[in-house]
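One file, upload.cif, is given below (mmCIF, N, CA and C atoms).
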data_work
loop_
_atom_site.label_atom_id
_atom_site.label_comp_id
_atom_site.auth_asym_id
_atom_site.auth_seq_id
_atom_site.Cartn_x
_atom_site.Cartn_y
_atom_site.Cartn_z
N MET O 24 -3.22 -260.70 58.89
CA MET O 24 -2.94 -259.72 57.87
C MET O 24 -1.89 -260.30 56.94
N ASN O 25 -2.22 -260.44 55.70
CA ASN O 25 -1.32 -261.04 54.74
C ASN O 25 -0.66 -259.99 53.87
N ALA O 26 -0.63 -258.76 54.33
CA ALA O 26 -0.10 -257.67 53.52
C ALA O 26 1.42 -257.71 53.43
N GLU O 27 2.05 -258.42 54.37
CA GLU O 27 3.50 -258.41 54.40
C GLU O 27 4.09 -258.96 53.11
N SER O 28 3.62 -260.13 52.67
CA SER O 28 4.19 -260.72 51.47
C SER O 28 3.86 -259.87 50.25
N ASP O 29 2.66 -259.28 50.22
CA ASP O 29 2.29 -258.42 49.11
C ASP O 29 3.18 -257.18 49.07
N GLU O 30 3.43 -256.58 50.24
CA GLU O 30 4.24 -255.38 50.29
C GLU O 30 5.68 -255.68 49.87
N ARG O 31 6.21 -256.81 50.34
CA ARG O 31 7.59 -257.14 49.99
C ARG O 31 7.72 -257.37 48.49
N THR O 32 6.75 -258.07 47.91
CA THR O 32 6.77 -258.31 46.48
C THR O 32 6.66 -257.00 45.73
N GLY O 33 5.73 -256.14 46.16
CA GLY O 33 5.54 -254.85 45.51
C GLY O 33 6.78 -253.97 45.62
N ALA O 34 7.40 -253.96 46.79
CA ALA O 34 8.60 -253.15 46.99
C ALA O 34 9.74 -253.66 46.13
N ALA O 35 9.86 -254.99 46.02
CA ALA O 35 10.91 -255.57 45.19
C ALA O 35 10.68 -255.23 43.72
N GLU O 36 9.43 -255.29 43.28
CA GLU O 36 9.12 -254.96 41.89
C GLU O 36 9.40 -253.49 41.61
N GLN O 37 9.07 -252.61 42.56
CA GLN O 37 9.33 -251.19 42.37
C GLN O 37 10.82 -250.91 42.32
N ALA O 38 11.59 -251.59 43.16
CA ALA O 38 13.03 -251.39 43.16
C ALA O 38 13.64 -251.85 41.85
N VAL O 39 13.16 -252.97 41.33
CA VAL O 39 13.66 -253.46 40.05
C VAL O 39 13.28 -252.49 38.94
N ALA O 40 12.02 -252.00 38.96
CA ALA O 40 11.57 -251.06 37.93
C ALA O 40 12.35 -249.76 37.98
N ALA O 41 12.66 -249.30 39.18
CA ALA O 41 13.37 -248.03 39.30
C ALA O 41 14.83 -248.16 38.89
N SER O 42 15.42 -249.33 39.13
CA SER O 42 16.83 -249.51 38.79
C SER O 42 17.02 -249.87 37.33
N ALA O 43 15.95 -250.24 36.64
CA ALA O 43 16.05 -250.56 35.22
C ALA O 43 16.36 -249.30 34.43
N PRO O 44 17.08 -249.46 33.31
CA PRO O 44 17.39 -248.28 32.49
C PRO O 44 16.10 -247.61 32.01
N GLY O 45 16.04 -246.32 32.19
CA GLY O 45 14.86 -245.58 31.75
C GLY O 45 13.69 -245.68 32.70
N GLY O 46 13.90 -246.30 33.86
CA GLY O 46 12.82 -246.44 34.84
C GLY O 46 12.49 -245.09 35.45
N THR O 47 11.23 -244.72 35.42
CA THR O 47 10.83 -243.43 35.97
C THR O 47 10.07 -243.59 37.28
N GLY O 48 9.85 -244.83 37.72
CA GLY O 48 9.08 -245.04 38.95
C GLY O 48 9.85 -244.58 40.17
N LYS O 49 9.12 -244.06 41.15
CA LYS O 49 9.74 -243.61 42.39
C LYS O 49 9.89 -244.82 43.30
N ALA O 50 11.11 -245.22 43.60
CA ALA O 50 11.35 -246.40 44.43
C ALA O 50 11.26 -246.02 45.90
N GLU O 51 10.59 -246.86 46.68
CA GLU O 51 10.54 -246.65 48.12
C GLU O 51 11.82 -247.23 48.73
N ARG O 52 12.11 -246.83 49.93
CA ARG O 52 13.28 -247.36 50.61
C ARG O 52 13.08 -248.85 50.82
N GLU O 53 14.17 -249.57 50.77
CA GLU O 53 14.07 -251.01 50.96
C GLU O 53 13.72 -251.33 52.41
N LEU O 54 13.09 -252.47 52.59
CA LEU O 54 12.67 -252.89 53.92
C LEU O 54 13.86 -253.40 54.71
N GLY O 55 13.81 -253.22 56.01
CA GLY O 55 14.86 -253.76 56.86
C GLY O 55 15.49 -252.69 57.72
N SER O 56 16.51 -253.11 58.44
CA SER O 56 17.18 -252.25 59.40
C SER O 56 17.91 -251.11 58.72
N ARG O 57 17.86 -249.94 59.36
CA ARG O 57 18.60 -248.78 58.86
C ARG O 57 19.73 -248.42 59.83
N ALA O 58 20.13 -249.41 60.61
CA ALA O 58 21.22 -249.19 61.55
C ALA O 58 22.52 -248.98 60.78
N PRO O 59 23.47 -248.24 61.37
CA PRO O 59 24.78 -248.07 60.71
C PRO O 59 25.47 -249.41 60.47
N GLY O 60 26.34 -249.44 59.49
CA GLY O 60 27.00 -250.68 59.09
C GLY O 60 27.79 -251.35 60.19
N PHE O 61 28.50 -250.56 61.02
CA PHE O 61 29.31 -251.18 62.07
C PHE O 61 28.43 -251.85 63.13
N ILE O 62 27.20 -251.37 63.27
CA ILE O 62 26.28 -252.01 64.23
C ILE O 62 25.74 -253.30 63.64
N LYS O 63 25.41 -253.30 62.35
CA LYS O 63 24.91 -254.50 61.69
C LYS O 63 25.98 -255.59 61.63
N ALA O 64 27.24 -255.23 61.63
CA ALA O 64 28.33 -256.20 61.50
C ALA O 64 28.43 -257.11 62.73
N SER O 65 28.07 -256.61 63.88
CA SER O 65 28.17 -257.39 65.12
C SER O 65 26.77 -257.80 65.56
N ARG O 66 26.54 -259.10 65.65
CA ARG O 66 25.21 -259.62 66.02
C ARG O 66 24.78 -259.13 67.41
N PRO O 67 25.63 -259.25 68.45
CA PRO O 67 25.19 -258.76 69.78
C PRO O 67 24.92 -257.25 69.80
N LEU O 68 25.74 -256.49 69.08
CA LEU O 68 25.54 -255.05 69.04
C LEU O 68 24.24 -254.70 68.30
N HIS O 69 23.97 -255.43 67.20
CA HIS O 69 22.75 -255.18 66.45
C HIS O 69 21.51 -255.55 67.27
N LEU O 70 21.59 -256.65 68.01
CA LEU O 70 20.47 -257.06 68.85
C LEU O 70 20.21 -256.03 69.95
N SER O 71 21.28 -255.53 70.56
CA SER O 71 21.09 -254.51 71.60
C SER O 71 20.56 -253.20 70.98
N TRP O 72 20.99 -252.89 69.76
CA TRP O 72 20.46 -251.72 69.04
C TRP O 72 18.96 -251.88 68.83
N GLN O 73 18.53 -253.07 68.39
CA GLN O 73 17.11 -253.32 68.16
C GLN O 73 16.31 -253.22 69.45
N VAL O 74 16.85 -253.73 70.54
CA VAL O 74 16.17 -253.64 71.82
C VAL O 74 16.03 -252.17 72.23
N GLY O 75 17.09 -251.39 72.04
CA GLY O 75 17.02 -249.97 72.37
C GLY O 75 16.00 -249.23 71.53
N VAL O 76 15.96 -249.51 70.22
CA VAL O 76 14.97 -248.87 69.34
C VAL O 76 13.57 -249.28 69.76
N PHE O 77 13.39 -250.55 70.10
CA PHE O 77 12.06 -251.02 70.51
C PHE O 77 11.61 -250.33 71.79
N VAL O 78 12.50 -250.20 72.75
CA VAL O 78 12.14 -249.58 74.04
C VAL O 78 11.81 -248.10 73.84
N VAL O 79 12.62 -247.39 73.06
CA VAL O 79 12.34 -245.97 72.82
C VAL O 79 11.01 -245.81 72.08
N GLY O 80 10.80 -246.63 71.04
CA GLY O 80 9.54 -246.57 70.29
C GLY O 80 8.35 -246.91 71.17
N LEU O 81 8.52 -247.91 72.03
CA LEU O 81 7.45 -248.30 72.95
C LEU O 81 7.11 -247.16 73.90
N GLY O 82 8.13 -246.47 74.41
CA GLY O 82 7.88 -245.33 75.29
C GLY O 82 7.10 -244.23 74.58
N VAL O 83 7.44 -243.96 73.34
CA VAL O 83 6.75 -242.91 72.58
C VAL O 83 5.31 -243.34 72.29
N VAL O 84 5.11 -244.61 71.90
CA VAL O 84 3.75 -245.08 71.62
C VAL O 84 2.90 -245.06 72.88
N VAL O 85 3.44 -245.48 74.00
CA VAL O 85 2.69 -245.46 75.26
C VAL O 85 2.34 -244.02 75.64
N ALA O 86 3.27 -243.09 75.44
CA ALA O 86 2.96 -241.68 75.71
C ALA O 86 1.83 -241.20 74.80
N GLY O 87 1.84 -241.64 73.54
CA GLY O 87 0.76 -241.27 72.62
C GLY O 87 -0.58 -241.83 73.04
N VAL O 88 -0.57 -243.08 73.50
CA VAL O 88 -1.83 -243.69 73.96
C VAL O 88 -2.36 -242.94 75.19
N LEU O 89 -1.46 -242.55 76.08
CA LEU O 89 -1.89 -241.75 77.24
C LEU O 89 -2.45 -240.40 76.80
N MET O 90 -1.88 -239.84 75.73
CA MET O 90 -2.36 -238.54 75.25
C MET O 90 -3.72 -238.65 74.56
N LEU O 91 -4.16 -239.85 74.27
CA LEU O 91 -5.51 -239.99 73.71
C LEU O 91 -6.57 -239.60 74.73
N VAL O 92 -6.29 -239.88 76.02
CA VAL O 92 -7.24 -239.53 77.07
C VAL O 92 -6.83 -238.26 77.82
N LEU O 93 -5.56 -237.91 77.76
CA LEU O 93 -5.06 -236.69 78.38
C LEU O 93 -4.85 -235.64 77.29
N PRO O 94 -4.64 -234.40 77.66
CA PRO O 94 -4.39 -233.38 76.64
C PRO O 94 -3.08 -233.65 75.89
N GLY O 95 -3.14 -233.52 74.59
CA GLY O 95 -1.93 -233.72 73.79
C GLY O 95 -2.26 -234.33 72.44
N PRO O 96 -1.31 -234.28 71.53
CA PRO O 96 -1.52 -234.82 70.18
C PRO O 96 -1.29 -236.33 70.14
N GLY O 97 -2.22 -237.10 70.66
CA GLY O 97 -2.05 -238.54 70.83
C GLY O 97 -1.71 -239.29 69.56
N TRP O 98 -2.52 -239.13 68.52
CA TRP O 98 -2.30 -239.91 67.29
C TRP O 98 -0.98 -239.52 66.64
N LEU O 99 -0.63 -238.26 66.68
CA LEU O 99 0.62 -237.80 66.09
C LEU O 99 1.81 -238.46 66.80
N VAL O 100 1.74 -238.54 68.10
CA VAL O 100 2.82 -239.15 68.87
C VAL O 100 2.87 -240.65 68.63
N ILE O 101 1.72 -241.30 68.50
CA ILE O 101 1.69 -242.74 68.21
C ILE O 101 2.35 -243.01 66.86
N PHE O 102 2.02 -242.20 65.85
CA PHE O 102 2.65 -242.40 64.55
C PHE O 102 4.14 -242.08 64.59
N GLY O 103 4.53 -241.16 65.46
CA GLY O 103 5.96 -240.90 65.66
C GLY O 103 6.67 -242.11 66.24
N GLY O 104 6.04 -242.78 67.19
CA GLY O 104 6.61 -244.01 67.75
C GLY O 104 6.69 -245.11 66.70
N MET O 105 5.67 -245.19 65.86
CA MET O 105 5.71 -246.18 64.77
C MET O 105 6.85 -245.87 63.80
N ALA O 106 7.11 -244.58 63.57
CA ALA O 106 8.22 -244.20 62.69
C ALA O 106 9.56 -244.57 63.31
N ILE O 107 9.65 -244.45 64.62
CA ILE O 107 10.88 -244.88 65.30
C ILE O 107 11.06 -246.38 65.12
N TRP O 108 10.00 -247.16 65.33
CA TRP O 108 10.08 -248.60 65.13
C TRP O 108 10.41 -248.94 63.68
N ALA O 109 9.89 -248.14 62.75
CA ALA O 109 10.10 -248.43 61.33
C ALA O 109 11.55 -248.26 60.91
N THR O 110 12.35 -247.60 61.71
CA THR O 110 13.77 -247.50 61.36
C THR O 110 14.47 -248.84 61.53
N GLU O 111 13.84 -249.78 62.23
CA GLU O 111 14.52 -251.04 62.53
C GLU O 111 13.71 -252.29 62.18
N PHE O 112 12.39 -252.20 62.22
CA PHE O 112 11.57 -253.41 62.09
C PHE O 112 10.72 -253.36 60.82
N VAL O 113 10.73 -254.48 60.08
CA VAL O 113 9.99 -254.57 58.82
C VAL O 113 8.49 -254.44 59.07
N TRP O 114 7.98 -255.06 60.11
CA TRP O 114 6.53 -255.02 60.36
C TRP O 114 6.06 -253.59 60.57
N ALA O 115 6.86 -252.78 61.23
CA ALA O 115 6.48 -251.38 61.45
C ALA O 115 6.57 -250.58 60.15
N GLN O 116 7.53 -250.92 59.30
CA GLN O 116 7.64 -250.26 58.00
C GLN O 116 6.41 -250.56 57.16
N LEU O 117 5.95 -251.81 57.21
CA LEU O 117 4.76 -252.19 56.44
C LEU O 117 3.51 -251.51 56.98
N VAL O 118 3.38 -251.43 58.30
CA VAL O 118 2.22 -250.75 58.90
C VAL O 118 2.24 -249.27 58.54
N LEU O 119 3.42 -248.66 58.57
CA LEU O 119 3.53 -247.25 58.24
C LEU O 119 3.21 -246.99 56.77
N ARG O 120 3.68 -247.87 55.88
CA ARG O 120 3.35 -247.72 54.45
C ARG O 120 1.85 -247.87 54.23
N TRP O 121 1.22 -248.86 54.90
CA TRP O 121 -0.22 -249.07 54.76
C TRP O 121 -0.98 -247.83 55.25
N THR O 122 -0.53 -247.28 56.39
CA THR O 122 -1.18 -246.09 56.95
C THR O 122 -1.04 -244.90 56.00
N LYS O 123 0.14 -244.69 55.46
CA LYS O 123 0.35 -243.59 54.53
C LYS O 123 -0.54 -243.74 53.30
N ARG O 124 -0.65 -244.97 52.80
CA ARG O 124 -1.50 -245.22 51.63
C ARG O 124 -2.96 -244.92 51.94
N LYS O 125 -3.45 -245.36 53.10
CA LYS O 125 -4.84 -245.12 53.47
C LYS O 125 -5.11 -243.64 53.70
N VAL O 126 -4.18 -242.91 54.30
CA VAL O 126 -4.36 -241.48 54.53
C VAL O 126 -4.40 -240.74 53.19
N THR O 127 -3.54 -241.14 52.26
CA THR O 127 -3.54 -240.52 50.93
C THR O 127 -4.86 -240.79 50.21
N GLU O 128 -5.35 -242.04 50.31
CA GLU O 128 -6.64 -242.36 49.68
C GLU O 128 -7.78 -241.55 50.30
N ALA O 129 -7.77 -241.40 51.62
CA ALA O 129 -8.82 -240.63 52.30
C ALA O 129 -8.75 -239.16 51.89
N ALA O 130 -7.55 -238.63 51.76
CA ALA O 130 -7.40 -237.23 51.34
C ALA O 130 -7.93 -237.04 49.92
N GLN O 131 -7.66 -237.99 49.04
CA GLN O 131 -8.17 -237.90 47.68
C GLN O 131 -9.69 -237.99 47.65
N ARG O 132 -10.26 -238.87 48.48
CA ARG O 132 -11.73 -238.97 48.54
C ARG O 132 -12.33 -237.68 49.09
N ALA O 133 -11.66 -237.07 50.06
CA ALA O 133 -12.19 -235.84 50.65
C ALA O 133 -12.18 -234.68 49.66
N LEU O 134 -11.29 -234.73 48.68
CA LEU O 134 -11.23 -233.67 47.68
C LEU O 134 -12.23 -233.87 46.55
N ASP O 135 -12.92 -235.00 46.55
CA ASP O 135 -13.92 -235.27 45.52
C ASP O 135 -15.05 -234.25 45.65
N PRO O 136 -15.46 -233.58 44.56
CA PRO O 136 -16.50 -232.54 44.67
C PRO O 136 -17.82 -233.04 45.24
N LYS O 137 -18.23 -234.27 44.91
CA LYS O 137 -19.48 -234.80 45.44
C LYS O 137 -19.41 -234.97 46.95
N VAL O 138 -18.27 -235.47 47.44
CA VAL O 138 -18.11 -235.68 48.88
C VAL O 138 -18.05 -234.33 49.59
N ARG O 139 -17.35 -233.36 49.02
CA ARG O 139 -17.29 -232.03 49.63
C ARG O 139 -18.67 -231.40 49.70
N ARG O 140 -19.45 -231.52 48.61
CA ARG O 140 -20.80 -230.95 48.59
C ARG O 140 -21.66 -231.61 49.66
N ARG O 141 -21.58 -232.93 49.77
CA ARG O 141 -22.36 -233.64 50.79
C ARG O 141 -21.96 -233.20 52.19
N ASN O 142 -20.65 -233.06 52.43
CA ASN O 142 -20.19 -232.64 53.76
C ASN O 142 -20.65 -231.21 54.09
N ILE O 143 -20.63 -230.33 53.10
CA ILE O 143 -21.10 -228.96 53.33
C ILE O 143 -22.59 -228.95 53.64
N ILE O 144 -23.36 -229.74 52.91
CA ILE O 144 -24.81 -229.81 53.15
C ILE O 144 -25.10 -230.37 54.54
N LEU O 145 -24.42 -231.45 54.91
CA LEU O 145 -24.65 -232.05 56.24
C LEU O 145 -24.24 -231.08 57.36
N THR O 146 -23.15 -230.36 57.18
CA THR O 146 -22.73 -229.39 58.19
C THR O 146 -23.75 -228.27 58.31
N THR O 147 -24.25 -227.78 57.19
CA THR O 147 -25.24 -226.71 57.21
C THR O 147 -26.52 -227.16 57.89
N VAL O 148 -26.99 -228.36 57.57
CA VAL O 148 -28.20 -228.90 58.19
C VAL O 148 -27.99 -229.05 59.70
N GLY O 149 -26.82 -229.55 60.10
CA GLY O 149 -26.54 -229.69 61.52
C GLY O 149 -26.52 -228.36 62.25
N LEU O 150 -25.92 -227.34 61.63
CA LEU O 150 -25.89 -226.01 62.25
C LEU O 150 -27.28 -225.40 62.35
N VAL O 151 -28.12 -225.61 61.34
CA VAL O 151 -29.50 -225.10 61.39
C VAL O 151 -30.27 -225.78 62.51
N ILE O 152 -30.13 -227.10 62.63
CA ILE O 152 -30.82 -227.83 63.71
C ILE O 152 -30.36 -227.32 65.07
N MET O 153 -29.05 -227.12 65.24
CA MET O 153 -28.54 -226.61 66.52
C MET O 153 -29.09 -225.21 66.81
N ALA O 154 -29.14 -224.35 65.80
CA ALA O 154 -29.66 -222.99 65.99
C ALA O 154 -31.13 -223.03 66.38
N VAL O 155 -31.92 -223.92 65.76
CA VAL O 155 -33.34 -224.05 66.11
C VAL O 155 -33.49 -224.53 67.54
N LEU O 156 -32.68 -225.52 67.94
CA LEU O 156 -32.77 -226.03 69.32
C LEU O 156 -32.39 -224.95 70.33
N VAL O 157 -31.34 -224.18 70.06
CA VAL O 157 -30.96 -223.10 70.97
C VAL O 157 -32.06 -222.04 71.02
N GLY O 158 -32.65 -221.72 69.86
CA GLY O 158 -33.75 -220.75 69.84
C GLY O 158 -34.94 -221.22 70.65
N ILE O 159 -35.30 -222.50 70.55
CA ILE O 159 -36.43 -223.05 71.33
C ILE O 159 -36.11 -222.98 72.82
N TYR O 160 -34.87 -223.31 73.20
CA TYR O 160 -34.48 -223.27 74.61
C TYR O 160 -34.58 -221.84 75.15
N VAL O 161 -34.04 -220.88 74.41
CA VAL O 161 -34.08 -219.48 74.86
C VAL O 161 -35.51 -218.98 74.92
N TRP O 162 -36.36 -219.34 73.96
CA TRP O 162 -37.76 -218.92 73.94
C TRP O 162 -38.52 -219.50 75.14
N LYS O 163 -38.21 -220.77 75.48
CA LYS O 163 -38.95 -221.44 76.54
C LYS O 163 -38.44 -221.05 77.93
N PHE O 164 -37.12 -220.98 78.12
CA PHE O 164 -36.56 -220.74 79.45
C PHE O 164 -35.94 -219.35 79.61
N GLY O 165 -35.76 -218.64 78.55
CA GLY O 165 -35.14 -217.32 78.64
C GLY O 165 -33.63 -217.44 78.67
N LEU O 166 -32.98 -216.31 78.59
CA LEU O 166 -31.52 -216.30 78.59
C LEU O 166 -31.05 -216.01 80.01
N VAL O 167 -30.66 -217.08 80.72
CA VAL O 167 -30.18 -216.96 82.09
C VAL O 167 -28.70 -217.27 82.08
N LEU O 168 -27.92 -216.27 82.46
CA LEU O 168 -26.48 -216.47 82.48
C LEU O 168 -26.08 -217.19 83.77
N PRO O 169 -25.10 -218.04 83.72
CA PRO O 169 -24.70 -218.80 84.93
C PRO O 169 -23.90 -217.97 85.92
N TRP O 170 -23.64 -216.71 85.64
CA TRP O 170 -22.92 -215.85 86.57
C TRP O 170 -23.72 -214.58 86.79
N THR O 171 -23.45 -213.92 87.87
CA THR O 171 -24.16 -212.68 88.18
C THR O 171 -23.33 -211.49 87.76
N ILE O 172 -23.99 -210.51 87.19
CA ILE O 172 -23.30 -209.32 86.74
C ILE O 172 -23.85 -208.15 87.56
N ASP O 173 -23.02 -207.62 88.43
CA ASP O 173 -23.43 -206.47 89.24
C ASP O 173 -23.04 -205.18 88.52
N GLU O 174 -23.99 -204.26 88.49
CA GLU O 174 -23.70 -202.98 87.83
C GLU O 174 -23.34 -201.94 88.83
#

Produce structure tokens that represent the structure in this file.
Amino acid sequence: MNAESDERTGAAEQAVAASAPGGTGKAERELGSRAPGFIKASRPLHLSWQVGVFVVGLGVVVAGVLMLVLPGPGWLVIFGGMAIWATEFVWAQLVLRWTKRKVTEAAQRALDPKVRRRNIILTTVGLVIMAVLVGIYVWKFGLVLPWTIDE
């Protein structure tokens, strides 16, 4: 994935455009660590901070992956873990920006009238097919409830 250099260049250009006089562009946060200054000042402290952020983020991502097969909001928790990593690691910030961009593009495509019309038609056709299949089953086998009702 060669998006890293493209993202860094794009982020730098946006920051320059936003800081220029009369710049109206919305600047994204700069890439890199968001640790407090006193932590960044000490190399061993910053390294231990990064390890702690990585471990916490890893725990959240692993919990999200488990929630994909178990009950729970798996993808939401995975993205939460990525957001934790993005507070410290550039690669996670780039992945999160790419994901946000793709989700925004998908939302815009979903709002397109042609796509909405197609989705409504496909859903209606699917529901009609299901209703016909249920009707054929009831006609052929009758309506037998899986439990007994004593009066």

Cut-off 6 Å around (11.0, -246.3, 68.2) with all atoms listed in the file: residues as a PDB file with N, CA and C atoms, in the frame of the given file:
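Now in selection.pdb:
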ATOM      1  N   VAL O  76      15.960-249.510  70.220  1.00  0.00           N
ATOM      2  CA  VAL O  76      14.970-248.870  69.340  1.00  0.00           C
ATOM      3  C   VAL O  76      13.570-249.280  69.760  1.00  0.00           C
ATOM      4  N   PHE O  77      13.390-250.550  70.100  1.00  0.00           N
ATOM      5  CA  PHE O  77      12.060-251.020  70.510  1.00  0.00           C
ATOM      6  C   PHE O  77      11.610-250.330  71.790  1.00  0.00           C
ATOM      7  N   VAL O  78      12.500-250.200  72.750  1.00  0.00           N
ATOM      8  CA  VAL O  78      12.140-249.580  74.040  1.00  0.00           C
ATOM      9  C   VAL O  78      11.810-248.100  73.840  1.00  0.00           C
ATOM     10  N   VAL O  79      12.620-247.390  73.060  1.00  0.00           N
ATOM     11  CA  VAL O  79      12.340-245.970  72.820  1.00  0.00           C
ATOM     12  C   VAL O  79      11.010-245.810  72.080  1.00  0.00           C
ATOM     13  N   GLY O  80      10.800-246.630  71.040  1.00  0.00           N
ATOM     14  CA  GLY O  80       9.540-246.570  70.290  1.00  0.00           C
ATOM     15  C   GLY O  80       8.350-246.910  71.170  1.00  0.00           C
ATOM     16  N   LEU O  81       8.520-247.910  72.030  1.00  0.00           N
ATOM     17  CA  LEU O  81       7.450-248.300  72.950  1.00  0.00           C
ATOM     18  C   LEU O  81       7.110-247.160  73.900  1.00  0.00           C
ATOM     19  N   GLY O 104       6.040-242.780  67.190  1.00  0.00           N
ATOM     20  CA  GLY O 104       6.610-244.010  67.750  1.00  0.00           C
ATOM     21  C   GLY O 104       6.690-245.110  66.700  1.00  0.00           C
ATOM     22  N   MET O 105       5.670-245.190  65.860  1.00  0.00           N
ATOM     23  CA  MET O 105       5.710-246.180  64.770  1.00  0.00           C
ATOM     24  C   MET O 105       6.850-245.870  63.800  1.00  0.00           C
ATOM     25  N   ALA O 106       7.110-244.580  63.570  1.00  0.00           N
ATOM     26  CA  ALA O 106       8.220-244.200  62.690  1.00  0.00           C
ATOM     27  C   ALA O 106       9.560-244.570  63.310  1.00  0.00           C
ATOM     28  N   ILE O 107       9.650-244.450  64.620  1.00  0.00           N
ATOM     29  CA  ILE O 107      10.880-244.880  65.300  1.00  0.00           C
ATOM     30  C   ILE O 107      11.060-246.380  65.120  1.00  0.00           C
ATOM     31  N   TRP O 108      10.000-247.160  65.330  1.00  0.00           N
ATOM     32  CA  TRP O 108      10.080-248.600  65.130  1.00  0.00           C
ATOM     33  C   TRP O 108      10.410-248.940  63.680  1.00  0.00           C
ATOM     34  N   ALA O 109       9.890-248.140  62.750  1.00  0.00           N
ATOM     35  CA  ALA O 109      10.100-248.430  61.330  1.00  0.00           C
ATOM     36  C   ALA O 109      11.550-248.260  60.910  1.00  0.00           C
TER      37      ALA O 109
END

Expected answer as a ChimeraX atom specification: all residues with atoms within 6 Å of (1.0, -239.8, 71.8), only N, CA and C atoms: /O:83-91,96-101

Using N, CA and C atoms, can you write the selected residues to a file as a PDB file, in the coordinates of the input?
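File part.pdb, as written:
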ATOM      1  N   VAL O  83       7.440-243.960  73.340  1.00  0.00           N
ATOM      2  CA  VAL O  83       6.750-242.910  72.580  1.00  0.00           C
ATOM      3  C   VAL O  83       5.310-243.340  72.290  1.00  0.00           C
ATOM      4  N   VAL O  84       5.110-244.610  71.900  1.00  0.00           N
ATOM      5  CA  VAL O  84       3.750-245.080  71.620  1.00  0.00           C
ATOM      6  C   VAL O  84       2.900-245.060  72.880  1.00  0.00           C
ATOM      7  N   VAL O  85       3.440-245.480  74.000  1.00  0.00           N
ATOM      8  CA  VAL O  85       2.690-245.460  75.260  1.00  0.00           C
ATOM      9  C   VAL O  85       2.340-244.020  75.640  1.00  0.00           C
ATOM     10  N   ALA O  86       3.270-243.090  75.440  1.00  0.00           N
ATOM     11  CA  ALA O  86       2.960-241.680  75.710  1.00  0.00           C
ATOM     12  C   ALA O  86       1.830-241.200  74.800  1.00  0.00           C
ATOM     13  N   GLY O  87       1.840-241.640  73.540  1.00  0.00           N
ATOM     14  CA  GLY O  87       0.760-241.270  72.620  1.00  0.00           C
ATOM     15  C   GLY O  87      -0.580-241.830  73.040  1.00  0.00           C
ATOM     16  N   VAL O  88      -0.570-243.080  73.500  1.00  0.00           N
ATOM     17  CA  VAL O  88      -1.830-243.690  73.960  1.00  0.00           C
ATOM     18  C   VAL O  88      -2.360-242.940  75.190  1.00  0.00           C
ATOM     19  N   LEU O  89      -1.460-242.550  76.080  1.00  0.00           N
ATOM     20  CA  LEU O  89      -1.890-241.750  77.240  1.00  0.00           C
ATOM     21  C   LEU O  89      -2.450-240.400  76.800  1.00  0.00           C
ATOM     22  N   MET O  90      -1.880-239.840  75.730  1.00  0.00           N
ATOM     23  CA  MET O  90      -2.360-238.540  75.250  1.00  0.00           C
ATOM     24  C   MET O  90      -3.720-238.650  74.560  1.00  0.00           C
ATOM     25  N   LEU O  91      -4.160-239.850  74.270  1.00  0.00           N
ATOM     26  CA  LEU O  91      -5.510-239.990  73.710  1.00  0.00           C
ATOM     27  C   LEU O  91      -6.570-239.600  74.730  1.00  0.00           C
ATOM     28  N   PRO O  96      -1.310-234.280  71.530  1.00  0.00           N
ATOM     29  CA  PRO O  96      -1.520-234.820  70.180  1.00  0.00           C
ATOM     30  C   PRO O  96      -1.290-236.330  70.140  1.00  0.00           C
ATOM     31  N   GLY O  97      -2.220-237.100  70.660  1.00  0.00           N
ATOM     32  CA  GLY O  97      -2.050-238.540  70.830  1.00  0.00           C
ATOM     33  C   GLY O  97      -1.710-239.290  69.560  1.00  0.00           C
ATOM     34  N   TRP O  98      -2.520-239.130  68.520  1.00  0.00           N
ATOM     35  CA  TRP O  98      -2.300-239.910  67.290  1.00  0.00           C
ATOM     36  C   TRP O  98      -0.980-239.520  66.640  1.00  0.00           C
ATOM     37  N   LEU O  99      -0.630-238.260  66.680  1.00  0.00           N
ATOM     38  CA  LEU O  99       0.620-237.800  66.090  1.00  0.00           C
ATOM     39  C   LEU O  99       1.810-238.460  66.800  1.00  0.00           C
ATOM     40  N   VAL O 100       1.740-238.540  68.100  1.00  0.00           N
ATOM     41  CA  VAL O 100       2.820-239.150  68.870  1.00  0.00           C
ATOM     42  C   VAL O 100       2.870-240.650  68.630  1.00  0.00           C
ATOM     43  N   ILE O 101       1.720-241.300  68.500  1.00  0.00           N
ATOM     44  CA  ILE O 101       1.690-242.740  68.210  1.00  0.00           C
ATOM     45  C   ILE O 101       2.350-243.010  66.860  1.00  0.00           C
TER      46      ILE O 101
END

Exercise: Leu70 (chain O) partners within 12 Å, only C-alpha atoms, chain neighbours under 5 positions left out, as a PyMOL selection string: chain O and resi 56+58+62-65+75-77+111-112

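The two atoms in question, atom C of Pro59 (chain O) and atom N of Gly103 (chain O), are spaced 23.1 Å apart.
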
Å distance separating CA of Gln116 (chain O) from CA of Glu53 (chain O), one decimal place: 9.6 Å

Those in region 27-161 of chain O with alpha helix (DSSP H) from DSSP, as a PyMOL selection string: chain O and resi 27-42+60-64+66-92+97-109+113-133+136-161

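Taking atom C of Gly95 (chain O) and CA of Trp121 (chain O) as endpoints, the distance between them is 23.1 Å.
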
Please enclose the listed atoms of region 78-87 of chain O in an axis-aligned box, pad each side by 6 Å, and write out the centre and the three edge lengths in Å, rounded to one decimal, as lines of an AutoDock Vina configuration file.
center_x = 6.0
center_y = -245.7
center_z = 73.0
size_x = 25.2
size_y = 21.0
size_z = 17.4
